[in-house]
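Heads up: the structure comes next, in structure tokens.
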Amino acid sequence: MNTNLTKEQALAIFEKARDSRNAYELFHQASEIRDKEIGRRLWWTSGSGGIFPCMITPRCSYCTFCTDKMFPIDVLLKSLERIENLGIQQFHISGGTDLNSGYDDALLEMVHLIQARSGLKLEINLGPSFKKETVLELKKLGVDSITSSLESNSPEVFSLAKPGDSLDRRRELLQFCEDADMPSRSMMLVGLGETDRERIEHLYFLKQYNKLYQLRISRFMPFQGTAFQNKPRCSPWETALVTAMARLILPNTEISLAAGNNLDDIPLWYLAGGGNQLMGVSIAKKKPLPTVDVDVYEISENYYVVDKRKQVERILAGMQLEISNQMPDHKTILKG
Ligand code: SF4
């Protein structure tokens with residue numbers, strides 16, 4: 001399979017695969033590239049949103065998950081202890097962003113506190129809340145990676161979806177990671193109204209970042225009470241096609257599932273060349289309803305560690321796929 005496609009060739013493949021009879025070949029080739037470049041094996045991670053409050057005004061047009069308060073550090077440390085005892089090796093610190101004052105000092109302090117108590121590797125997903133020097137400091141501290149989610153790389157689509165946010169700052173953070181030799185991740189939110197050409201352009205834009213080890217793909221979900229509540233839900237076919245094209249254009253980057261997808265999206269994602277990380281354990285601020293194969297650990301009043309690994313493993317077992325807690329060495333899959 002040619003992974004040195006021009007943008008026009010990639011766009012033609014994408015549009016041809018809209019006819020499901022042509023998609024079999026695309027998915028087959030994308031899966032072969034994943035198997036060859038990264039392998040079939042999957043790995044678990046853990047995380048929690050809402051660790052830092054979001055200062056973006058107005059809120060993004062699709063967001064229902066931002067908070068106004070810091071996550072209590074004592075609860076976080078206890079939760080991480082439980083997560084580490086479950087055998088997980090990585091935790092994602094996710095939350096809102098602060099474009100004005102930044103979260104530089106607060107994050108560095110949090111990383112020090114966590115590292116004094118926990119051996120979990122940390123991934124930071126707080127939007128463009130940091131200066132370049134902070135990225136260098138996080139690298140020195142051994143932080144695993146930093147996420148800068150562009151969601152859409154089209155300025156028009158971005159400004160409608162994220163009117164209080166800055167696409168330039170998000171792009172700049174990817175460059176800071178590049179300059180600091182820090183592994184990075186990004187996210188693409190499919191279904192905001194972007195065209196197929198803009199999707200392909202977005203993937204080619206990301207190709208310039210040698211430190212990008214993972215692209216996560218979200219599937220747009222409209223929520224009541226948000227500015228985008230009347231937009232249609234994104235079809236899983238769209239995310240599958242974008243996953244396959246991402247695999248062709250970014251062959252040695254992990255292409256993972258992000259918010260808006262659910263467990264039922266896993267088989268199509270994998271068939272379309274997706275891999276290799278799945279979220280297995282998270283922190284919830286509300287007790288989940290009892291569910292088969294989901295283990296819930298109460299950490300303190302209204303805070304729970306939720307382990308869904310058995311639920312996902314059942315789906316994977318039906319596909320004869322294996323998953324483990326063992327993290328891959330990102331350096332071996334990065335381009336430079
Ligand atoms: S940056 Fe936007 S999507 Fe992220 S938490 Fe803030 S309002 Fe929500």
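FYI, nothing fancy with the structure tokens labels: chains A, B, ... in order, residues from 1 per chain, ligands from 1 as they appear.
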
Can you write out as a Markdown table which residues of chain A fall within 9 Å of ligand 1, alongside each residue's closest atom pair and its distance in Å to one decimal, counting only C-alpha atoms and all ligand atoms and ordering rows by chain and ascending residue number?
```
| residue | atom | partner | partner_atom_place_in_ligand_line | distance |
| --- | --- | --- | --- | --- |
| A:Gly49 | CA | ligand 1 | 5 (S) | 8.5 |
| A:Gly50 | CA | ligand 1 | 5 (S) | 7.6 |
| A:Phe52 | CA | ligand 1 | 5 (S) | 8.9 |
| A:Pro53 | CA | ligand 1 | 5 (S) | 7.5 |
| A:Cys54 | CA | ligand 1 | 6 (Fe) | 4.7 |
| A:Met55 | CA | ligand 1 | 6 (Fe) | 6.7 |
| A:Ile56 | CA | ligand 1 | 6 (Fe) | 5.4 |
| A:Thr57 | CA | ligand 1 | 7 (S) | 7.4 |
| A:Pro58 | CA | ligand 1 | 7 (S) | 7.4 |
| A:Arg59 | CA | ligand 1 | 7 (S) | 4.0 |
| A:Cys60 | CA | ligand 1 | 2 (Fe) | 4.2 |
| A:Ser61 | CA | ligand 1 | 2 (Fe) | 7.7 |
| A:Tyr62 | CA | ligand 1 | 3 (S) | 7.0 |
| A:Cys63 | CA | ligand 1 | 8 (Fe) | 4.5 |
| A:Thr64 | CA | ligand 1 | 8 (Fe) | 6.6 |
| A:Phe65 | CA | ligand 1 | 8 (Fe) | 5.9 |
| A:Cys66 | CA | ligand 1 | 5 (S) | 4.1 |
| A:Thr67 | CA | ligand 1 | 5 (S) | 7.2 |
| A:Ser94 | CA | ligand 1 | 5 (S) | 8.9 |
| A:Gly95 | CA | ligand 1 | 5 (S) | 5.9 |
| A:Gly96 | CA | ligand 1 | 5 (S) | 4.0 |
| A:Thr97 | CA | ligand 1 | 1 (S) | 5.6 |
| A:Asp98 | CA | ligand 1 | 1 (S) | 8.4 |
| A:Leu126 | CA | ligand 1 | 4 (Fe) | 7.9 |
| A:Gly127 | CA | ligand 1 | 1 (S) | 6.6 |
| A:Ala161 | CA | ligand 1 | 2 (Fe) | 8.6 |
| A:Lys162 | CA | ligand 1 | 2 (Fe) | 6.3 |
| A:Pro163 | CA | ligand 1 | 2 (Fe) | 8.9 |
| A:Gly164 | CA | ligand 1 | 2 (Fe) | 7.9 |
| A:Asp165 | CA | ligand 1 | 1 (S) | 6.7 |
```

Exercise. In segment 116-195 of chain A, what's helix (DSSP H, G or I) per DSSP? Answer as number ranges by chain?
Worked result: A: 116-117, 132-140, 155-161, 167-180

Generate a file of the selected residues that holds N, CA and C atoms, formatted as a CSV table (one decimal), in the first residue's frame.
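Below is the file selection10.csv, written as the result:
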```csv
chain,number,residue,atom,x,y,z
A,116,ALA,N,5.4,12.2,43.7
A,116,ALA,CA,5.9,11.8,45.0
A,116,ALA,C,5.2,10.6,45.6
A,117,ARG,N,4.0,10.3,45.0
A,117,ARG,CA,3.1,9.3,45.6
A,117,ARG,C,2.8,8.1,44.6
A,132,LYS,N,6.1,27.5,26.5
A,132,LYS,CA,7.1,26.6,26.0
A,132,LYS,C,8.0,26.1,27.2
A,133,GLU,N,8.4,27.0,28.1
A,133,GLU,CA,9.3,26.6,29.2
A,133,GLU,C,8.6,25.5,30.0
A,134,THR,N,7.3,25.6,30.2
A,134,THR,CA,6.6,24.6,31.0
A,134,THR,C,6.7,23.2,30.3
A,135,VAL,N,6.5,23.2,29.0
A,135,VAL,CA,6.6,22.0,28.3
A,135,VAL,C,8.0,21.3,28.5
A,136,LEU,N,9.0,22.2,28.5
A,136,LEU,CA,10.4,21.7,28.7
A,136,LEU,C,10.5,21.1,30.1
A,137,GLU,N,9.9,21.8,31.1
A,137,GLU,CA,10.0,21.4,32.5
A,137,GLU,C,9.2,20.0,32.6
A,138,LEU,N,8.1,19.9,32.0
A,138,LEU,CA,7.3,18.7,32.1
A,138,LEU,C,8.1,17.5,31.4
A,139,LYS,N,8.8,17.8,30.4
A,139,LYS,CA,9.7,16.8,29.8
A,139,LYS,C,10.8,16.3,30.8
A,140,LYS,N,11.4,17.3,31.4
A,140,LYS,CA,12.4,17.0,32.4
A,140,LYS,C,11.9,16.1,33.5
A,155,PRO,N,-10.2,27.1,10.2
A,155,PRO,CA,-10.5,28.2,11.0
A,155,PRO,C,-11.9,28.5,11.1
A,156,GLU,N,-12.7,28.4,10.0
A,156,GLU,CA,-14.1,28.7,10.1
A,156,GLU,C,-14.9,27.8,11.0
A,157,VAL,N,-14.6,26.5,10.8
A,157,VAL,CA,-15.3,25.5,11.6
A,157,VAL,C,-14.9,25.6,13.1
A,158,PHE,N,-13.6,25.8,13.3
A,158,PHE,CA,-13.1,26.0,14.7
A,158,PHE,C,-13.8,27.1,15.4
A,159,SER,N,-13.9,28.3,14.7
A,159,SER,CA,-14.4,29.5,15.4
A,159,SER,C,-15.9,29.3,15.7
A,160,LEU,N,-16.6,28.6,14.9
A,160,LEU,CA,-18.0,28.3,15.2
A,160,LEU,C,-18.2,27.4,16.4
A,161,ALA,N,-17.3,26.3,16.4
A,161,ALA,CA,-17.4,25.3,17.5
A,161,ALA,C,-16.7,25.8,18.8
A,167,LEU,N,-7.3,28.5,17.9
A,167,LEU,CA,-6.7,27.4,17.0
A,167,LEU,C,-5.2,27.7,16.9
A,168,ASP,N,-4.8,28.9,16.8
A,168,ASP,CA,-3.3,29.2,16.7
A,168,ASP,C,-2.6,28.7,17.9
A,169,ARG,N,-3.1,29.0,19.1
A,169,ARG,CA,-2.5,28.5,20.4
A,169,ARG,C,-2.4,27.0,20.4
A,170,ARG,N,-3.4,26.3,19.9
A,170,ARG,CA,-3.4,24.9,20.0
A,170,ARG,C,-2.4,24.3,19.0
A,171,ARG,N,-2.3,25.0,17.8
A,171,ARG,CA,-1.2,24.6,16.9
A,171,ARG,C,0.2,24.8,17.5
A,172,GLU,N,0.3,26.0,18.1
A,172,GLU,CA,1.6,26.4,18.7
A,172,GLU,C,2.0,25.4,19.8
A,173,LEU,N,1.1,24.8,20.5
A,173,LEU,CA,1.5,23.8,21.6
A,173,LEU,C,2.1,22.6,20.9
A,174,LEU,N,1.5,22.2,19.8
A,174,LEU,CA,2.1,21.0,19.1
A,174,LEU,C,3.5,21.3,18.7
A,175,GLN,N,3.8,22.6,18.3
A,175,GLN,CA,5.1,22.9,17.9
A,175,GLN,C,6.0,23.0,19.1
A,176,PHE,N,5.5,23.5,20.2
A,176,PHE,CA,6.3,23.5,21.5
A,176,PHE,C,6.8,22.1,21.8
A,177,CYS,N,5.9,21.1,21.6
A,177,CYS,CA,6.2,19.7,21.9
A,177,CYS,C,7.3,19.2,21.0
A,178,GLU,N,7.1,19.6,19.7
A,178,GLU,CA,8.1,19.2,18.7
A,178,GLU,C,9.5,19.8,19.1
A,179,ASP,N,9.5,21.1,19.5
A,179,ASP,CA,10.8,21.7,19.8
A,179,ASP,C,11.4,21.1,21.1
A,180,ALA,N,10.6,20.7,22.0
A,180,ALA,CA,11.0,20.1,23.3
A,180,ALA,C,11.3,18.6,23.2
```

For this session: Check the DSSP output for the backbone and give back, as a ChimeraX atom specification, the residues of segment 110-323 of chain A in strand (DSSP E).
Result: /A:121-125,145-147,184-190,212-219,254-257,277-284,295-300,303-307,323

Could the residues in this selection be written to a file with N, CA and C atoms, as a compact mmCIF listing (two decimals), in the first residue's frame?
```txt
# COMPACT_ATOMS: atom_id res chain seq x y z
N LYS A 121 2.59 6.86 34.79
CA LYS A 121 3.08 7.80 33.79
C LYS A 121 1.94 8.78 33.51
N LEU A 122 2.29 10.04 33.27
CA LEU A 122 1.24 11.06 33.13
C LEU A 122 1.17 11.60 31.71
N GLU A 123 -0.06 11.80 31.25
CA GLU A 123 -0.33 12.44 29.97
C GLU A 123 -1.19 13.66 30.30
N ILE A 124 -0.84 14.82 29.69
CA ILE A 124 -1.49 16.08 30.06
C ILE A 124 -2.38 16.57 28.91
N ASN A 125 -3.65 16.81 29.23
CA ASN A 125 -4.59 17.25 28.19
C ASN A 125 -5.41 18.43 28.74
N SER A 145 3.46 12.54 27.83
CA SER A 145 3.09 13.25 26.61
C SER A 145 2.14 14.40 26.92
N ILE A 146 1.95 15.26 25.92
CA ILE A 146 1.04 16.41 26.05
C ILE A 146 0.09 16.39 24.86
N THR A 147 -1.18 16.67 25.15
CA THR A 147 -2.19 16.70 24.08
C THR A 147 -2.51 18.13 23.69
N SER A 184 3.62 13.97 21.63
CA SER A 184 2.36 14.73 21.67
C SER A 184 1.22 13.89 21.12
N ARG A 185 0.01 14.35 21.46
CA ARG A 185 -1.21 13.74 20.92
C ARG A 185 -2.10 14.86 20.41
N SER A 186 -3.03 14.52 19.55
CA SER A 186 -4.01 15.50 19.14
C SER A 186 -5.36 14.81 19.01
N MET A 187 -6.38 15.60 18.80
CA MET A 187 -7.74 15.07 18.69
C MET A 187 -8.45 15.75 17.53
N MET A 188 -9.28 14.97 16.87
CA MET A 188 -10.06 15.48 15.74
C MET A 188 -11.51 15.18 16.06
N LEU A 189 -12.36 16.18 16.06
CA LEU A 189 -13.78 15.97 16.35
C LEU A 189 -14.53 15.93 15.02
N VAL A 190 -14.96 14.74 14.63
CA VAL A 190 -15.58 14.54 13.32
C VAL A 190 -17.08 14.83 13.41
N LEU A 212 4.18 13.52 17.21
CA LEU A 212 2.77 13.12 17.40
C LEU A 212 2.70 11.59 17.39
N TYR A 213 2.40 11.00 18.56
CA TYR A 213 2.34 9.54 18.59
C TYR A 213 0.91 9.03 18.59
N GLN A 214 -0.04 9.94 18.80
CA GLN A 214 -1.43 9.47 18.84
C GLN A 214 -2.39 10.55 18.34
N LEU A 215 -3.31 10.13 17.49
CA LEU A 215 -4.43 10.99 17.09
C LEU A 215 -5.70 10.31 17.58
N ARG A 216 -6.48 11.06 18.36
CA ARG A 216 -7.74 10.51 18.85
C ARG A 216 -8.88 11.07 18.01
N ILE A 217 -9.86 10.21 17.74
CA ILE A 217 -10.97 10.64 16.87
C ILE A 217 -12.26 10.63 17.68
N SER A 218 -12.90 11.81 17.77
CA SER A 218 -14.18 11.93 18.47
C SER A 218 -15.31 11.90 17.45
N ARG A 219 -16.47 11.45 17.91
CA ARG A 219 -17.66 11.42 17.05
C ARG A 219 -18.66 12.40 17.63
N GLU A 254 -0.64 6.14 16.59
CA GLU A 254 -1.82 5.45 17.12
C GLU A 254 -3.07 6.25 16.74
N ILE A 255 -4.10 5.55 16.30
CA ILE A 255 -5.36 6.23 15.95
C ILE A 255 -6.42 5.70 16.92
N SER A 256 -6.70 6.50 17.95
CA SER A 256 -7.52 5.99 19.06
C SER A 256 -8.92 6.60 19.06
N LEU A 257 -9.79 5.96 19.84
CA LEU A 257 -11.16 6.45 19.98
C LEU A 257 -11.22 7.51 21.09
N GLN A 277 -4.59 2.08 21.63
CA GLN A 277 -4.84 2.35 23.05
C GLN A 277 -6.34 2.43 23.31
N LEU A 278 -6.76 1.87 24.45
CA LEU A 278 -8.16 2.01 24.85
C LEU A 278 -8.23 2.48 26.30
N MET A 279 -9.24 3.28 26.60
CA MET A 279 -9.46 3.77 27.96
C MET A 279 -10.20 2.68 28.74
N GLY A 280 -9.58 2.20 29.82
CA GLY A 280 -10.21 1.12 30.59
C GLY A 280 -10.71 1.55 31.95
N VAL A 281 -10.04 2.55 32.55
CA VAL A 281 -10.37 2.94 33.92
C VAL A 281 -10.48 4.46 33.98
N SER A 282 -11.51 4.94 34.66
CA SER A 282 -11.69 6.39 34.76
C SER A 282 -12.19 6.76 36.15
N ILE A 283 -12.25 8.06 36.40
CA ILE A 283 -12.79 8.54 37.68
C ILE A 283 -14.13 9.19 37.39
N ALA A 284 -15.16 8.80 38.16
CA ALA A 284 -16.50 9.38 37.97
C ALA A 284 -16.87 10.18 39.21
N ASP A 295 -16.47 -2.78 37.41
CA ASP A 295 -16.14 -2.72 38.84
C ASP A 295 -16.04 -1.25 39.26
N VAL A 296 -16.69 -0.96 40.38
CA VAL A 296 -16.72 0.43 40.86
C VAL A 296 -16.11 0.47 42.26
N TYR A 297 -15.17 1.38 42.49
CA TYR A 297 -14.51 1.53 43.79
C TYR A 297 -14.81 2.93 44.32
N GLU A 298 -15.42 2.99 45.48
CA GLU A 298 -15.71 4.30 46.07
C GLU A 298 -14.43 4.86 46.68
N ILE A 299 -14.08 6.08 46.30
CA ILE A 299 -12.85 6.70 46.80
C ILE A 299 -13.19 7.64 47.96
N SER A 300 -14.23 8.45 47.75
CA SER A 300 -14.77 9.27 48.84
C SER A 300 -16.17 9.64 48.37
N TYR A 303 -17.07 10.33 44.62
CA TYR A 303 -15.94 10.08 43.70
C TYR A 303 -15.69 8.57 43.62
N TYR A 304 -15.62 8.07 42.40
CA TYR A 304 -15.52 6.63 42.18
C TYR A 304 -14.49 6.34 41.09
N VAL A 305 -13.73 5.27 41.30
CA VAL A 305 -12.90 4.75 40.21
C VAL A 305 -13.71 3.65 39.53
N VAL A 306 -13.84 3.77 38.21
CA VAL A 306 -14.70 2.85 37.45
C VAL A 306 -13.82 2.05 36.49
N ASP A 307 -13.84 0.74 36.64
CA ASP A 307 -13.00 -0.15 35.83
C ASP A 307 -13.89 -0.92 34.84
N ILE A 323 -5.29 -7.49 24.87
CA ILE A 323 -4.97 -6.15 25.39
C ILE A 323 -4.24 -6.33 26.71
```

Seminar exercise, completed: The residue from A:Phe220, A:Asn276, A:Lys231, A:Lys78 with the smallest atom-to-atom distance to Asn262 of chain A, counting only C-alpha atoms, is A:Phe220

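Proximity to Leu5 of chain A at 9 Å, evaluated using only C-alpha atoms and with sequence-adjacent residues fewer than 4 positions away removed, yields A:Gln9, A:Ala10, A:Leu248, A:Ile249.
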
Mind writing the picked residues with N, CA and C atoms as a JSON list (two decimals), in the first residue's frame?
```json
[["chain", "number", "residue", "atom", "x", "y", "z"],
["A", 9, "GLN", "N", -4.88, 12.41, -4.16],
["A", 9, "GLN", "CA", -5.08, 10.95, -4.21],
["A", 9, "GLN", "C", -5.83, 10.48, -2.95],
["A", 10, "ALA", "N", -5.42, 11.04, -1.81],
["A", 10, "ALA", "CA", -6.08, 10.64, -0.55],
["A", 10, "ALA", "C", -7.55, 11.03, -0.56],
["A", 248, "LEU", "N", -3.72, 5.69, 6.76],
["A", 248, "LEU", "CA", -2.93, 5.77, 5.52],
["A", 248, "LEU", "C", -1.97, 6.96, 5.55],
["A", 249, "ILE", "N", -2.44, 8.08, 6.09],
["A", 249, "ILE", "CA", -1.65, 9.32, 6.03],
["A", 249, "ILE", "C", -0.64, 9.40, 7.18]]
```
